[in-house]
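Student: Below is the structure I would like to discuss, written out as structure tokens.
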Amino acid sequence: MLAAMDLSAHLIGIGRQSLELAAIAVWFFLLAFVVKRDRALSDARAAAGQIRINLVLTAVDMALVAPLVALIITAAVGQMQRLGLTAPSGPLWRALGPIGTGGVVSVLADFAGYWRHRLQHTALLWPAHAVHHSDTHLTWFSLGRMHPIDRLGTMLDVLVLAALGCPVWAITTAVLARSYYGYLVHADLPWTFGRLALVFNPPAAHRWHHARDIEGSGVNFATLFSVFDRAFGTWRLPGPCDAPLGVAEDMGRGALGQYLHPLRTWAAAIAAQSRSRSQATNGASAGGIG
């Protein structure tokens with residue numbers, strides 16, 4: 001009975017998320033017409049193949065990956081609290097009040113996300129993160145293009161906030177704010193925000209992050225605030241981005257190729273290291289015999 005109730009709640013949750021995505025899709029479709037006018041339909045047709053891949057990866061994420069990540073986070077935070085690994089910061093949040101707490105936690109969340117995102121661009125984790133970057137026609141829907149392994153990495157943001165003793169409601173608010181704003185910065189919009197870009201990350205900046213010529217390293221890692229990229233030397237916004245997008249790697253065919261890409265890459269790297277060690281061992285043995 002309990003399992004049936006859990007399944008029913010899960011299906012209702014998926015239905016709500018689907019309706020939310022449909023509403024977001026309508027909003028950005030109308031926005032595209034306002035901003036791009038005659039180009040809106042041709043750009044949508046050009047992005048159709050990538051959108052189909054995004055649809056599969058987003059559906060799998062909603063149905064399987066996101067609930068698993070939520071369960072792991074809940075268990076991990078509970079264990080941290082039992083072991084006393086969370087900071088006793090209740091007086092601070094009470095002093096700041098709800099608005100101040102929400103603002104501070106949102107800044108902390110984006111700071112944690114900035115460094116986690118930079119970690120995803122290291123050589124070890126890049127093969128999984130490359131799935132997100134492989135979209136050659138970046139749209140708001142590209143936010144959902146995420147490999148399950150890459151998705152697991154986003155747990156670090158929440159765990160850092162929990163370790164700092166941030167209230168659960170404020171963490172949830174910050175996660176939602178970064179998620180909704182993530183749709184905006186991934187949208188196919190040429191906006192640079194003018195002077196607002198001194199604080200907030202505009203869509204044009206994140207498009208430079210997805211430019212093909214900087215894959216594996218990149219710039220503009222933050223989601224909400226540009227101040228972190230400016231402070232740590234990773235800011236780039238010469239204007240609207242018209243550079244080719246995507247990655248140089250062969251990602252395979254369709255959604256399945258996206259899922260298998262990091263596994264193939266890591267397996268090849270492990271095999272190459274094994275061959276190198278074997279050759280080194282054989283060379284040392286031959287040298288010893290000689």
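Naming works like this for the structure tokens: A, B, ... for the chains as they're shown, residue 1 at the start of each chain, ligands 1 onward in shown order.
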Which polymer residues have any atom within 12 Å of an atom of Leu260 of chain A, counting only C-alpha atoms, with same-chain residues fewer than 5 positions away left out, as a PyMOL selection string?
Tutor: chain A and resi 127-128+130-131+147-149+250-255+265-267
Student: Filtering to N, CA and C atoms, could you give me those residues as an mmCIF file, in the first residue's frame?
Tutor:
data_model
loop_
_atom_site.group_PDB
_atom_site.id
_atom_site.type_symbol
_atom_site.label_atom_id
_atom_site.label_comp_id
_atom_site.auth_asym_id
_atom_site.auth_seq_id
_atom_site.Cartn_x
_atom_site.Cartn_y
_atom_site.Cartn_z
ATOM 1 N N PRO A 127 34.466 14.333 -19.099
ATOM 2 C CA PRO A 127 33.695 13.454 -20.002
ATOM 3 C C PRO A 127 32.214 13.397 -19.672
ATOM 4 N N ALA A 128 31.851 13.433 -18.389
ATOM 5 C CA ALA A 128 30.426 13.437 -18.032
ATOM 6 C C ALA A 128 29.816 14.807 -18.267
ATOM 7 N N ALA A 130 30.767 16.944 -20.428
ATOM 8 C CA ALA A 130 30.744 17.222 -21.869
ATOM 9 C C ALA A 130 29.370 16.949 -22.467
ATOM 10 N N VAL A 131 28.605 16.055 -21.850
ATOM 11 C CA VAL A 131 27.250 15.773 -22.331
ATOM 12 C C VAL A 131 26.421 17.056 -22.319
ATOM 13 N N HIS A 147 24.196 14.321 -17.816
ATOM 14 C CA HIS A 147 24.464 12.905 -17.569
ATOM 15 C C HIS A 147 24.194 12.594 -16.095
ATOM 16 N N PRO A 148 23.676 11.408 -15.782
ATOM 17 C CA PRO A 148 23.400 11.073 -14.379
ATOM 18 C C PRO A 148 24.617 11.250 -13.461
ATOM 19 N N ILE A 149 25.813 10.927 -13.933
ATOM 20 C CA ILE A 149 27.010 11.103 -13.107
ATOM 21 C C ILE A 149 27.256 12.580 -12.844
ATOM 22 N N ASP A 250 33.608 13.134 -30.151
ATOM 23 C CA ASP A 250 32.547 12.358 -30.786
ATOM 24 C C ASP A 250 31.663 11.795 -29.676
ATOM 25 N N MET A 251 30.435 12.294 -29.577
ATOM 26 C CA MET A 251 29.548 11.905 -28.487
ATOM 27 C C MET A 251 28.705 10.677 -28.816
ATOM 28 N N GLY A 252 28.866 10.109 -29.994
ATOM 29 C CA GLY A 252 28.040 8.981 -30.373
ATOM 30 C C GLY A 252 26.697 9.449 -30.920
ATOM 31 N N ARG A 253 25.797 8.515 -31.151
ATOM 32 C CA ARG A 253 24.517 8.828 -31.784
ATOM 33 C C ARG A 253 23.414 8.952 -30.742
ATOM 34 N N GLY A 254 22.643 10.028 -30.847
ATOM 35 C CA GLY A 254 21.450 10.188 -30.036
ATOM 36 C C GLY A 254 21.690 10.213 -28.544
ATOM 37 N N ALA A 255 20.593 10.021 -27.799
ATOM 38 C CA ALA A 255 20.657 10.074 -26.335
ATOM 39 C C ALA A 255 21.513 8.945 -25.772
ATOM 40 N N THR A 265 34.959 6.956 -22.618
ATOM 41 C CA THR A 265 36.151 7.779 -22.452
ATOM 42 C C THR A 265 36.982 7.308 -21.265
ATOM 43 N N TRP A 266 36.324 7.062 -20.139
ATOM 44 C CA TRP A 266 37.055 6.606 -18.957
ATOM 45 C C TRP A 266 37.634 5.208 -19.165
ATOM 46 N N ALA A 267 36.879 4.332 -19.833
ATOM 47 C CA ALA A 267 37.382 2.979 -20.100
ATOM 48 C C ALA A 267 38.625 3.033 -20.986
#
Student: Write out as an MDAnalysis selection string all residues of segment 85-179 of chain A that DSSP puts in helix (DSSP H, G or I) for this structure's backbone.
Tutor: chainID A and resid 90:120 126:133 140:144 148:153 155:163 168:179
Student: Take the residues just selected and output them with C-alpha atoms as a PDB file, in the first residue's frame.
Tutor:
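Wrote selection_19.pdb, looks like this:
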ATOM      1  CA  GLY A  90      20.737  29.322  13.871  1.00  0.00           C
ATOM      2  CA  PRO A  91      21.340  32.681  15.662  1.00  0.00           C
ATOM      3  CA  LEU A  92      22.816  34.141  12.474  1.00  0.00           C
ATOM      4  CA  TRP A  93      19.764  33.264  10.386  1.00  0.00           C
ATOM      5  CA  ARG A  94      17.398  34.592  13.050  1.00  0.00           C
ATOM      6  CA  ALA A  95      19.330  37.868  13.099  1.00  0.00           C
ATOM      7  CA  LEU A  96      19.217  38.166   9.305  1.00  0.00           C
ATOM      8  CA  GLY A  97      15.515  37.387   9.063  1.00  0.00           C
ATOM      9  CA  PRO A  98      13.820  35.520   6.176  1.00  0.00           C
ATOM     10  CA  ILE A  99      14.755  37.966   3.396  1.00  0.00           C
ATOM     11  CA  GLY A 100      18.356  38.355   4.525  1.00  0.00           C
ATOM     12  CA  THR A 101      18.721  34.619   5.035  1.00  0.00           C
ATOM     13  CA  GLY A 102      17.322  33.840   1.588  1.00  0.00           C
ATOM     14  CA  GLY A 103      19.698  36.356  -0.022  1.00  0.00           C
ATOM     15  CA  VAL A 104      22.808  35.182   1.817  1.00  0.00           C
ATOM     16  CA  VAL A 105      22.083  31.507   1.181  1.00  0.00           C
ATOM     17  CA  SER A 106      21.491  32.222  -2.530  1.00  0.00           C
ATOM     18  CA  VAL A 107      24.908  33.905  -2.722  1.00  0.00           C
ATOM     19  CA  LEU A 108      26.536  30.993  -0.869  1.00  0.00           C
ATOM     20  CA  ALA A 109      24.783  28.513  -3.177  1.00  0.00           C
ATOM     21  CA  ASP A 110      26.094  30.244  -6.279  1.00  0.00           C
ATOM     22  CA  PHE A 111      29.580  30.427  -4.753  1.00  0.00           C
ATOM     23  CA  ALA A 112      29.511  26.678  -4.064  1.00  0.00           C
ATOM     24  CA  GLY A 113      28.078  26.053  -7.531  1.00  0.00           C
ATOM     25  CA  TYR A 114      30.845  28.118  -9.119  1.00  0.00           C
ATOM     26  CA  TRP A 115      33.583  25.915  -7.655  1.00  0.00           C
ATOM     27  CA  ARG A 116      31.671  22.683  -8.253  1.00  0.00           C
ATOM     28  CA  HIS A 117      31.218  23.741 -11.889  1.00  0.00           C
ATOM     29  CA  ARG A 118      34.946  24.424 -12.222  1.00  0.00           C
ATOM     30  CA  LEU A 119      35.578  20.950 -10.790  1.00  0.00           C
ATOM     31  CA  GLN A 120      33.320  19.482 -13.482  1.00  0.00           C
ATOM     32  CA  TRP A 126      34.861  16.577 -18.056  1.00  0.00           C
ATOM     33  CA  PRO A 127      33.695  13.454 -20.002  1.00  0.00           C
ATOM     34  CA  ALA A 128      30.426  13.437 -18.032  1.00  0.00           C
ATOM     35  CA  HIS A 129      30.030  17.225 -18.117  1.00  0.00           C
ATOM     36  CA  ALA A 130      30.744  17.222 -21.869  1.00  0.00           C
ATOM     37  CA  VAL A 131      27.250  15.773 -22.331  1.00  0.00           C
ATOM     38  CA  HIS A 132      25.766  19.069 -21.154  1.00  0.00           C
ATOM     39  CA  HIS A 133      28.126  21.010 -23.427  1.00  0.00           C
ATOM     40  CA  TRP A 140      16.600  27.047 -22.380  1.00  0.00           C
ATOM     41  CA  PHE A 141      15.924  23.293 -22.651  1.00  0.00           C
ATOM     42  CA  SER A 142      19.669  22.590 -22.697  1.00  0.00           C
ATOM     43  CA  LEU A 143      19.659  22.974 -18.909  1.00  0.00           C
ATOM     44  CA  GLY A 144      18.159  19.475 -18.647  1.00  0.00           C
ATOM     45  CA  PRO A 148      23.400  11.073 -14.379  1.00  0.00           C
ATOM     46  CA  ILE A 149      27.010  11.103 -13.107  1.00  0.00           C
ATOM     47  CA  ASP A 150      27.198  14.842 -13.690  1.00  0.00           C
ATOM     48  CA  ARG A 151      23.854  15.235 -11.924  1.00  0.00           C
ATOM     49  CA  LEU A 152      25.216  13.444  -8.858  1.00  0.00           C
ATOM     50  CA  GLY A 153      27.964  16.055  -8.716  1.00  0.00           C
ATOM     51  CA  MET A 155      24.746  17.317  -4.722  1.00  0.00           C
ATOM     52  CA  LEU A 156      27.919  19.046  -3.538  1.00  0.00           C
ATOM     53  CA  ASP A 157      26.155  22.431  -3.593  1.00  0.00           C
ATOM     54  CA  VAL A 158      23.449  21.281  -1.179  1.00  0.00           C
ATOM     55  CA  LEU A 159      25.863  19.390   1.076  1.00  0.00           C
ATOM     56  CA  VAL A 160      28.065  22.478   1.433  1.00  0.00           C
ATOM     57  CA  LEU A 161      25.040  24.596   2.370  1.00  0.00           C
ATOM     58  CA  ALA A 162      23.884  21.951   4.845  1.00  0.00           C
ATOM     59  CA  ALA A 163      27.365  21.833   6.407  1.00  0.00           C
ATOM     60  CA  VAL A 168      16.290  23.773   4.650  1.00  0.00           C
ATOM     61  CA  TRP A 169      13.732  26.274   3.332  1.00  0.00           C
ATOM     62  CA  ALA A 170      16.515  28.681   2.322  1.00  0.00           C
ATOM     63  CA  ILE A 171      18.466  25.908   0.596  1.00  0.00           C
ATOM     64  CA  THR A 172      15.341  24.910  -1.324  1.00  0.00           C
ATOM     65  CA  THR A 173      14.723  28.538  -2.309  1.00  0.00           C
ATOM     66  CA  ALA A 174      18.320  28.973  -3.503  1.00  0.00           C
ATOM     67  CA  VAL A 175      18.206  25.736  -5.519  1.00  0.00           C
ATOM     68  CA  LEU A 176      14.953  26.783  -7.199  1.00  0.00           C
ATOM     69  CA  ALA A 177      16.266  30.296  -7.913  1.00  0.00           C
ATOM     70  CA  ARG A 178      19.421  28.919  -9.550  1.00  0.00           C
ATOM     71  CA  SER A 179      17.367  26.372 -11.495  1.00  0.00           C
TER      72      SER A 179
END
Student: Provide the atom CA of Leu184 of chain A to atom CA of Pro203 of chain A distance in Å, to one decimal place.
Tutor: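 Atom CA of Pro203 of chain A lies 6.5 Å from atom CA of Leu184 of chain A.
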Student: Atom CA of Ile53 of chain A to atom CA of Gln258 of chain A: how many Å, to one decimal?
Tutor: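 Answer for the atom CA of Ile53 of chain A to atom CA of Gln258 of chain A separation: 8.6 Å.
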Student: Set the distance at 8 Å and use only C-alpha atoms: which residues neighbour His209 of chain A once local chain neighbours fewer than 6 positions away are removed? I'd like the list as a PyMOL selection string.
Tutor: chain A and resi 218-221
Student: One decimal, Å: what's the distance from atom CA of Ala25 of chain A over to atom CA of Leu11 of chain A, could you say?
Tutor: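 For atom CA of Ala25 of chain A relative to atom CA of Leu11 of chain A, the distance reads 20.8 Å.
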Student: Excluding Phe200 of chain A and any residue of its chain fewer than 6 positions from it, enumerate the residues within 7 Å of it, using only C-alpha atoms, and give them as a list of chain:residue names.
Tutor: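 Residues meeting the cut-off are A:Leu224, A:Phe225, A:Ser226.
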Student: Excluding Cys241 of chain A and any residue of its chain fewer than 5 positions from it, enumerate the residues within 7 Å of it, using only C-alpha atoms, and give them as a list in words.
Tutor: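 Close residues of Cys241 of chain A: Ala204, Arg207 and Trp208 of chain A.
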Student: Given the selection you just returned, output its residues as a file containing N, CA and C atoms, formatted as an mmCIF file, in the first residue's frame.
Tutor:
data_model
loop_
_atom_site.group_PDB
_atom_site.id
_atom_site.type_symbol
_atom_site.label_atom_id
_atom_site.label_comp_id
_atom_site.auth_asym_id
_atom_site.auth_seq_id
_atom_site.Cartn_x
_atom_site.Cartn_y
_atom_site.Cartn_z
ATOM 1 N N ALA A 204 24.161 35.940 -22.676
ATOM 2 C CA ALA A 204 25.304 36.012 -23.593
ATOM 3 C C ALA A 204 26.573 35.480 -22.944
ATOM 4 N N ARG A 207 26.547 31.752 -22.882
ATOM 5 C CA ARG A 207 26.746 31.226 -24.232
ATOM 6 C C ARG A 207 28.240 31.150 -24.539
ATOM 7 N N TRP A 208 29.019 32.135 -24.060
ATOM 8 C CA TRP A 208 30.473 32.053 -24.221
ATOM 9 C C TRP A 208 31.033 30.858 -23.459
#
Student: Considering only C-alpha atoms, return as number ranges by chain whatever protein or nucleic-acid residues lie within 12 Å of Ala40 of chain A, sequence-local ones (same chain, fewer than 2 positions apart) excluded.
Tutor: A: 28-38, 42-47, 139, 188-189
